[in-house]
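Notes to accompany the following structure.
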Number of protein chains: 2
Amino acid sequence: MVVKSHLQALGLFVVALPWQSSPAIAEPPASGRVWTLDDAVAAPEVTDLAISGDGSRAAYLLRTVDLAKDQPIFELHIVNIRERHDRMVASSAFLSRLKRIPGQSSWSLLANFGQGLQLYRATDDGHISLIAESKTKVLVGSADGANFGYDEVPPMLVGIPFYDWSPDGKHLFYSTLEEMKADRRILTGAEVTAASARRRWSPQVKVSFYLRGETGEAVRIASAPTQDRVARYLGGLPKWSSNHIDYSLQAVDNPTPSAWQYRWQFGGSKSTLLPGGASLVAGEVPTGPHGGAISVTRIGGKPRLTEQLPNGTSIDYGAMNIALSGVGSHGFWRSADGAVVLAVRLLDEARYVLVRIDRDGKSTIFPAKNSLRHCAFTSDAMQGVCIHEGLVESPELVAVSTRTGSVRSVSEISPHYAAIKPLEMSTLSWTNSFGYTDNGFVIYPRGYRHGQRYPAIIITHSSDADQRFAAADLQWNYPAYLFAERGYVVLLVNDPSSFPSEALDRAQATWNSCDGRTPPWEVQRLIWLNTVESYRSLINRLNGEGLIDRDRLGIAGYSAGSQMVNVAVTQTHLFKAASSGDGAYLEPAANRYLQCSYRAVYGGAPGDPRAIPNYLALAPSYRARYTTTPVLQQLAEPRAGAVDFYQALQVAGVPTEITLYPGETPASDETHLFHIPSNRRAALVENLEWFDFWLRGKTPTSDPKRAARWKAMRSRAAVARKETD
Amino acid sequence: MVVKSHLQALGLFVVALPWQSSPAIAEPPASGRVWTLDDAVAAPEVTDLAISGDGSRAAYLLRTVDLAKDQPIFELHIVNIRERHDRMVASSAFLSRLKRIPGQSSWSLLANFGQGLQLYRATDDGHISLIAESKTKVLVGSADGANFGYDEVPPMLVGIPFYDWSPDGKHLFYSTLEEMKADRRILTGAEVTAASARRRWSPQVKVSFYLRGETGEAVRIASAPTQDRVARYLGGLPKWSSNHIDYSLQAVDNPTPSAWQYRWQFGGSKSTLLPGGASLVAGEVPTGPHGGAISVTRIGGKPRLTEQLPNGTSIDYGAMNIALSGVGSHGFWRSADGAVVLAVRLLDEARYVLVRIDRDGKSTIFPAKNSLRHCAFTSDAMQGVCIHEGLVESPELVAVSTRTGSVRSVSEISPHYAAIKPLEMSTLSWTNSFGYTDNGFVIYPRGYRHGQRYPAIIITHSSDADQRFAAADLQWNYPAYLFAERGYVVLLVNDPSSFPSEALDRAQATWNSCDGRTPPWEVQRLIWLNTVESYRSLINRLNGEGLIDRDRLGIAGYSAGSQMVNVAVTQTHLFKAASSGDGAYLEPAANRYLQCSYRAVYGGAPGDPRAIPNYLALAPSYRARYTTTPVLQQLAEPRAGAVDFYQALQVAGVPTEITLYPGETPASDETHLFHIPSNRRAALVENLEWFDFWLRGKTPTSDPKRAARWKAMRSRAAVARKETD
């Protein structure tokens with residue numbers, strides 16, 4: 001059932017013009033403005049949030065863009081919660097990992113104030129001082145000579161990429177980067193493979209972990225090469241105890257890596273490897289009010305929130321279909337009144353919430369219309385702050401009371417975006433023809449009129465279609481809101497969940513580890529073809545309901561989404577236009593450096609005769625001749641597989657465009673999530689024009705050469721179709 | 001018939017020890033020393049030679065290496081011919097295009113004396129002065145931010161990459177490079193393909209042609225992007241007349257490009273396109289004593305040297321199987337006594353000679369034991385100088401008299417190498433089982449003993465097995481002379497000639513232009529499989545003659561030769577060890593940027609089902625499972641296709657090693673022909689050890705890790721063989 005929540009509640013029956021004569025941007029509704037291209041380019045994102053120990057103040061980091069300088073900009077804001085007063089106290093090319101300093105009234109964060117990324121203290125009045133500085137700095141980014149690193153920011157020097165405080169604030173754990181003096185060296189074997197996979201050369205870089213205690217002396221407790229992703233990007237996943245710290249180093253470099261755990265006693269002189277072997281990296285397991293591990297267990301096929309007590313018994317907190325972590329939603333807090341507050345994702349509604357669980361087995365979801373994310377709590381966890389935001393509603397800072405469960409608005413993060421009249425939306429869930437359940441969202445065209453069919457665009461990127469505002473990881477350079485403003489139905493679609501069969505989980509495990517337990521054709525069927533079936537089922541349903549025009553469907557997705565776009569257009573004729581962003585996984589060209597996962601998907605290298613049928617079954621460039629969908633590929637790097645697919649489509653006579661967006665200089669690249677505002681603007685426009693051209697017959701206006709090129713493609717394809725008819 | 005020329009002439013019957021107990025380097029013969037590793041690393045090469053107008057002096061450029069600085073070094077030598085006095089007057093990181101300045105007594109050359117590559121004058125006393133300098137300079141080489149350029153030298157700044165004098169010396173033609181200010185730009189289509197094919201980013205560079213007349217004012221007469229290989233690397237192929245200059249710009253970017261011709265009148269203001277359309281770039285056609293075009297024509301199936309007169313008749317200069325140009329052998333000179341002297345390659349003997357042809361139809365080959373190369377003649381062309389060198393005899397400067405036909409030694413280029421007792425060698429020619437003729441050379445092991453069988457190594461690189469000393473383009477990092485010193489028979493083998501059928505020429509034309517006239521399987525058969533048949537026929541014959549031990553055969557080749565190595569080991573079980581150098585052509589990974597030639601070889605992209613059987617028939621990585629030959633790949637860049645082949649061999653359980661040799665810095669690469677002496681030394685040693693290990697069971701001594709790795713490979717392969725038995 002399509003839950004047209006807002007629309008039906010409001011009882012709107014607006015008389016809309018048919019799309020053929022609708023203006024490019026709909027008239028603004030009476031009570032707010034509409035989305036503009038600038039809005040799409042500059043959409044703000046809260047990346048971190050903290051609260052003072054006493055609950056009087058909050059601080060948050062805001063990522064936005066400086067259009068004049070054509071670069072992203074990060075702001076540190078401090079909010080007096082009671083006075084509802086929000087003040088920007090600092091800005092920088094990059095800010096991250098904002099925390100309150102335990103036992104102090106000030107904040108700590110990583111910031112780049114011209115000395116590379118270092119660890120600073122910020123007071124409420126905006127005074128900034130150094131807490132820890134690494135003299136060794138390494139260029140990080142997508143650039144020649146840089147360590148691979150941050151997305152969404154330009155290349156920059158990094159001294160300290162990670163830190164954490166012990167709960168009592170007496171110990172500081174942080175990591176540093178150091179370029180290794182490397183002799184010119186002849187490489188052999190796997191090192192040559194690695195070199196063949198790199199677009200930009202990188203120095204050898206060492207990441208080190210330091211521990212600073214009350215004496216103020218920092219001691220190096222471990223080092224690892226930056227190939228250790230657990231050390232480099234996850235900061236070693238430190239876990240504090242009263243007299244030691246545990247940290248992890250990578251054991252197996254799978255997409256989800258395995259790690260070993262080590263322990264360092266405070267005041268000690270060396271680490272010890274903890275017994276138990278390497279295990280898959282996962283978020284910290286929350287503990288419940290009774291100190292047992294919290295998990296979601298299926299009882300009679302239905303998920304329930306439970307606490308496993310050390311004595312073997314468990315406490316049932318009730319039916320709840322949740323994931324215990326999500327994008328910007330993780331953590332648990334033990335409150336002074338004996339409860340535990342959990343940040344979770346409600347799977348069916350694809351939104352983030354706080355759940356209070358009490359010792360008596362009661363669980364309560366804090367009341368909020370949309371998502372609560374980035375939540376932080378006071379020392380006693382009786383008060384908290386979160387970012388409240390929805391798919392069509394811009395973020396606001398809210399205060400949360402653990403005791404009463406109230407959620408109270410403190411301040412708008414961006415009044416400029418709050419002024420946009422929210423588009424209509426609804427959540428969706430359905431079961432595909434393979435029997436797997438799925439969910440997602442519909443954003444309705446501005447001025448939607450029930451009974452009229454609209455052109456529609458699916459936007460997809462694995463599981464992150466959810467209640468977040470303008471989320472870049474899903475929407476990327478696909479302007480969902482502008483599509484809706486221009487008269488499209490926008491469908492934000494997740495991959496199917498593993499319910500009702502765990503076969504999908506097993507296939508995912510095979511894909512991650514090439515354990516061989518699920519054969520290649522079954523991995524293909526359960527992962528990619530299963531998702532295609534979800535699209536087909538959704539389209540059938542929305543077509544049956546009269547919402548969409550199935551002859552004017554598009555699909556867009558970047559990265560993981562680009563896999564789905566490329567598979568969807570080479571396995572079906574559902575779509576009349578597609579946009580595939582900066583991905584080329586599944587293309588044979590990547591087998592060289594992804595041998596394990598390609599063995600899982602294809603059974604071997606492209607030249608292995610036993611694997612060839614599996615490549616012919618799924619590899620997009622091998623199936624170009626089955627395609628009729630025009631495909632646009634937008635790239636941050638000139639990925640070989642993307643070019644292979646482009647060429648195969650060209651040879652097959654399928655209209656196709658490939659576009660590479662440049663970095664700041666020829667020595668650097670745009671990042672996977674674009675960080676250069678002018679690139680983002682151009683990519684958004686290219687997508688608007690691409691779908692308008694193929695789904696609505698509109699000639700692009702931004703560039704006469706583009707218009708001529710696309711028209712020529714269309715004519716050639718029409719001639720080719722006539723010849724085969 | 002094997003022509004064991006020197007050996008039989010000398011009647012040597014040395015008693016050699018069996019190889020198992022022979023020392024690593026054979027004892028020096030009585031009358032000279034043996035080859036050392038240093039000799040192989042530092043082998044000198046004359047790269048250019050000129051003679052003064054009056055014939056009193058010669059000048060030459062010598063490429064050698066500075067072992068202490070670990071870099072190549074170029075020397076300018078001036079020789080007083082009568083006094084046989086050779087003096088080094090200048091050295092530089094790079095010297096090239098040495099000429100006498102027409103009408104003057106001094107020399108001109110391109111040199112890098114710290115101001116980038118510019119045009120200089122050198123006098124006999126070593127005084128150097130600037131002739132022309134380009135203020136715009138561009139970094140050239142295999143480096144980040146560099147224009148692609150010279151092999152065998154480190155990245156360097158280039159102002160002037162090419163120049164030429166008019167025959168009267170009154171006009172100077174030269175080219176310059178200029179980096180274009182390029183805005184950050186979004187790339188589309190073929191530009192993205194090009195970006196995906198580049199390992200190092202390159203600036204946009206413009207090449208311009210300048211003409212400087214008697215006024216001293218240089219006028220720019222044309223510009224082209226450096227993608228125009230005719231403009232960039234061939235300097236526009238200038239041709240002088242009394243009142244104009246003709247030059248060429250690229251029309252079609254095939255491996256052998258086509259070009260348009262343009263004319264610039266002296267004193268004019270713009271170029272005009274010459275009629276006749278674009279034609280394949282080729283060397284200048286020599287004209288004979290009667291002013292007609294010289295060519296080799298087949299009469300009754302036999303090649304004859306003829307001059308085609310403008311009136312339609314022709315003059316026959318006799319039977320002669322030659323090519324009119326070759327490596328360091330090109331040009332023709334009209335002498336004051338009415339003859340024409342031609343530099344040609346004698347195809348059957350694979351050596352370079354001078355031929356005098358007279359008005360009366362007589363032709364005479366100048367008497368020389370080995371090759372005459374880099375020849376230059378006086379103004380009246382009555383006297384000349386050449387470099388006389390052979391496969392086993394080091395270069396000497398010789399004086400040539402056009403009138404008497406005498407060839408007289410002037411000076412040794414390198415007494416250090418002249419002191420090496422020449423190895424025994426012989427020329428070979430044979431016909432393979434496809435009916436094609438082929439030729440090459442045998443270098444006999446030091447102390448060769450007739451009747452004993454030796455392990456043997458084929459070294460190949462298309463057509464350049466010929467009478468040149470230590471030629472890097474053939475021998476690359478394969479130490480032919482050291483192999484012979486260590487008891488190997490070394491076979492230097494050319495590709496088959498197109499005789500007796502022109503089908504091979506047609507297949508080559510299809511390969512160059514993808515004209516589709518020869519189908520893919522026939523292109524494969526005539527080019528690669530045909531050459532494999534040459535190896536097979538040669539091996540059968542030498543085995544039959546008792547020279548080689550067919551159970552201890554190796555094969556090595558770089559670039560074009562690496563294609564042959566990879567094909568040979570995936571199509572036959574002839575070889576027990578192989579070394580394949582810095583090539584990955586034929587691998588599917590390169591289709592992206594070689595679509596035309598891959599269409600000729602395979603009929604389409606790797607994902608095209610019609611092409612897949614053709615890939616399975618020839619692509620080395622697709623045939624790894626048929627291989628039993630251990631393969632070493634030595635690389636100057638981490639080529640994707642080489643890694644694919646390496647991985648496919650590993651999966652197939654075939655012993656294999658891949659080694660990447662580094663550039664000066666991480667921001668630059670070793671060049672295709674190695675230029676860093678320490679890399680060259682390490683690569684030579686790696687090859688010595690590789691063949692010694694697989695053909696003679698010797699454990700490598702340079703690196704214990706290598707020894708362990710190779711032994712482990714050998715054990716695994718033995719286990720795998722036992723399992724399949």
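In the structure tokens, chains take the letters A, B, ... in the order shown, each chain's residues start at 1, and ligands count up from 1 in the order shown.
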
Exercise for review: Excluding Val601 of chain B and residues on its chain fewer than 4 positions from it, collect all residues at most 8 Å away from it, counting only C-alpha atoms, and give them as a list in words.
Suggested key: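 My list of contacting residues is Trp511, Pro519, Pro520, Trp521, Val523, Gln524, Ser597 and Asn614 of chain B.
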
Pick out the residues sitting within 12 Å of segment 181-183 of chain B, and hand them over as an mmCIF file with N, CA and C atoms, in the first residue's frame; count only C-alpha atoms, and ignore anything fewer than 3 positions along from it in its own chain.
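Final output, selection.cif:
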data_model
loop_
_atom_site.group_PDB
_atom_site.id
_atom_site.type_symbol
_atom_site.label_atom_id
_atom_site.label_comp_id
_atom_site.auth_asym_id
_atom_site.auth_seq_id
_atom_site.Cartn_x
_atom_site.Cartn_y
_atom_site.Cartn_z
ATOM 1 N N PRO A 662 36.480 17.308 -13.464
ATOM 2 C CA PRO A 662 37.889 17.479 -13.070
ATOM 3 C C PRO A 662 38.082 17.823 -11.600
ATOM 4 N N GLY A 663 39.293 17.519 -11.097
ATOM 5 C CA GLY A 663 39.704 17.973 -9.773
ATOM 6 C C GLY A 663 40.143 19.429 -9.820
ATOM 7 N N GLU A 664 40.713 19.899 -8.709
ATOM 8 C CA GLU A 664 41.177 21.297 -8.645
ATOM 9 C C GLU A 664 42.280 21.553 -9.663
ATOM 10 N N THR A 665 43.155 20.575 -9.863
ATOM 11 C CA THR A 665 44.280 20.708 -10.781
ATOM 12 C C THR A 665 44.400 19.385 -11.529
ATOM 13 N N PRO A 666 45.215 19.357 -12.578
ATOM 14 C CA PRO A 666 45.388 18.069 -13.267
ATOM 15 C C PRO A 666 46.025 17.006 -12.371
ATOM 16 N N GLU B 178 55.006 24.109 -26.296
ATOM 17 C CA GLU B 178 54.454 25.136 -25.421
ATOM 18 C C GLU B 178 53.278 24.545 -24.659
ATOM 19 N N ILE B 186 35.392 19.973 -18.047
ATOM 20 C CA ILE B 186 34.693 18.696 -17.991
ATOM 21 C C ILE B 186 34.949 17.983 -19.313
ATOM 22 N N LEU B 187 35.366 16.733 -19.243
ATOM 23 C CA LEU B 187 35.680 15.967 -20.456
ATOM 24 C C LEU B 187 34.514 15.052 -20.817
ATOM 25 N N SER B 202 49.104 14.549 -18.280
ATOM 26 C CA SER B 202 49.909 15.358 -19.190
ATOM 27 C C SER B 202 49.222 16.694 -19.398
ATOM 28 N N PRO B 203 50.004 17.736 -19.504
ATOM 29 C CA PRO B 203 49.390 19.017 -19.852
ATOM 30 C C PRO B 203 49.024 19.020 -21.337
ATOM 31 N N GLN B 204 48.171 19.929 -21.723
ATOM 32 C CA GLN B 204 47.929 20.170 -23.147
ATOM 33 C C GLN B 204 49.156 20.901 -23.691
ATOM 34 N N VAL B 205 49.754 20.343 -24.719
ATOM 35 C CA VAL B 205 50.974 20.934 -25.269
ATOM 36 C C VAL B 205 50.791 21.162 -26.763
ATOM 37 N N LYS B 206 51.299 22.301 -27.189
ATOM 38 C CA LYS B 206 51.223 22.663 -28.604
ATOM 39 C C LYS B 206 52.617 22.578 -29.189
#

Review point. Could you name the residues that touch Gly487 of chain A at 7 Å or less, counting only C-alpha atoms, but leaving out those on the same chain fewer than 3 positions away, as a list in words?
Key: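 Counting only C-alpha atoms, the residues come to Trp19, Pro445, Arg446, Phe483 and Ala484 of chain A.
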
Point to revise | Surrounding residues of segment 299-315 of chain A excluding itself and chain neighbours under 3 positions, 10 Å, only C-alpha atoms, as a list in words | key: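 Contacts, in chain order: Pro286, Thr287, Gly288, Pro289, His290, Gly291, Gly292, Ala293, Ile294, Ser295, Val296, Gly318, Ala319, Met320, Asn321, Ile322, Leu324, Ile357, Arg359, Asp360, Gly361, Lys362, Ser363, Phe499 and Pro500 of chain A.
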
Review point. Which parts of segment 74-178 of chain B does DSSP call strand (DSSP E or B) when run on the backbone here, written out as an NGL selection string?
Key: :B and (74-80 or 85-92 or 95-100 or 107-112 or 117-122 or 128-132 or 138-140 or 143 or 147 or 156-158 or 162-165 or 172-178)

Review point. Among segment 36-151 of chain B, which ones does DSSP place in alpha helix (DSSP H), written as a list in words?
Key: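 These are the residues in question: Leu37, Asp38, Asp39, Ala40, Val41 and Ala42 of chain B.
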
Please, could you write that set of residues out with C-alpha atoms as a PDB file, in the first residue's frame?
ATOM      1  CA  LEU B  37      77.935  -7.357 -16.287  1.00  0.00           C
ATOM      2  CA  ASP B  38      79.265  -3.785 -16.308  1.00  0.00           C
ATOM      3  CA  ASP B  39      79.925  -4.145 -20.031  1.00  0.00           C
ATOM      4  CA  ALA B  40      76.319  -5.144 -20.580  1.00  0.00           C
ATOM      5  CA  VAL B  41      74.986  -2.236 -18.493  1.00  0.00           C
ATOM      6  CA  ALA B  42      77.191   0.396 -20.094  1.00  0.00           C
TER       7      ALA B  42
END

Review point. Which is closest to chain B among A:Trp476, A:Phe434, A:Phe113, A:Tyr661, if we use only C-alpha atoms?
Key: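 Result for the nearest residue to chain B: A:Tyr661.
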
Check your understanding: atom CA of Arg351 of chain A to atom CA of Gln467 of chain A: how many Å, to one decimal?
Key ->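 Interatomic distance, atom CA of Arg351 of chain A to atom CA of Gln467 of chain A: 4.9 Å.
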
Check your understanding: Which neighbours of Glu689 of chain B fall inside 12 Å, counting only C-alpha atoms, when residues of the same chain fewer than 5 positions from it are skipped, and could you give them as an NGL selection string?
Key -> :B and (24 or 478-479 or 482-483 or 486 or 577-579 or 632 or 682-684 or 694-703 or 706-707 or 710)

Review point. With distances taken over only C-alpha atoms, which of B:Ala718, B:Leu62, B:Ala259, B:Leu635 is nearest to chain A?
Key: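 Looking only at the distances to chain A, the closest residue turns out to be B:Leu635.
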
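Nearest to Arg599 of chain A of all the residues B:Val651, B:Met564, B:Ala111, B:Leu526 is B:Val651, based on only C-alpha atoms.
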
**Study point:** Interatomic distance, atom CA of Leu538 of chain A to atom CA of Arg453 of chain A (Å, one decimal)
**Key:**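 Between atom CA of Leu538 of chain A and atom CA of Arg453 of chain A the gap works out to 14.9 Å.
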
Point to revise | atom CA of Ala636 of chain B to atom CA of Gln71 of chain B, straight-line distance in Å | key: 15.8 Å

Point to revise | Test item: residues at most 10 Å from Ser501 of chain A, only C-alpha atoms, excluding those fewer than 6 positions along its chain, as a ChimeraX atom specification | key: /A:435-437

Save out the residues we just selected, N, CA and C atoms, as a PDB file, in the first residue's frame.
ATOM      1  N   GLY A 435      10.056 -12.892  -3.866  1.00  0.00           N
ATOM      2  CA  GLY A 435       9.562 -13.069  -2.504  1.00  0.00           C
ATOM      3  C   GLY A 435      10.264 -12.221  -1.466  1.00  0.00           C
ATOM      4  N   TYR A 436      11.211 -11.356  -1.886  1.00  0.00           N
ATOM      5  CA  TYR A 436      11.941 -10.523  -0.933  1.00  0.00           C
ATOM      6  C   TYR A 436      11.205  -9.196  -0.729  1.00  0.00           C
ATOM      7  N   THR A 437      11.260  -8.715   0.506  1.00  0.00           N
ATOM      8  CA  THR A 437      10.606  -7.440   0.802  1.00  0.00           C
ATOM      9  C   THR A 437      11.574  -6.287   0.545  1.00  0.00           C
TER      10      THR A 437
END
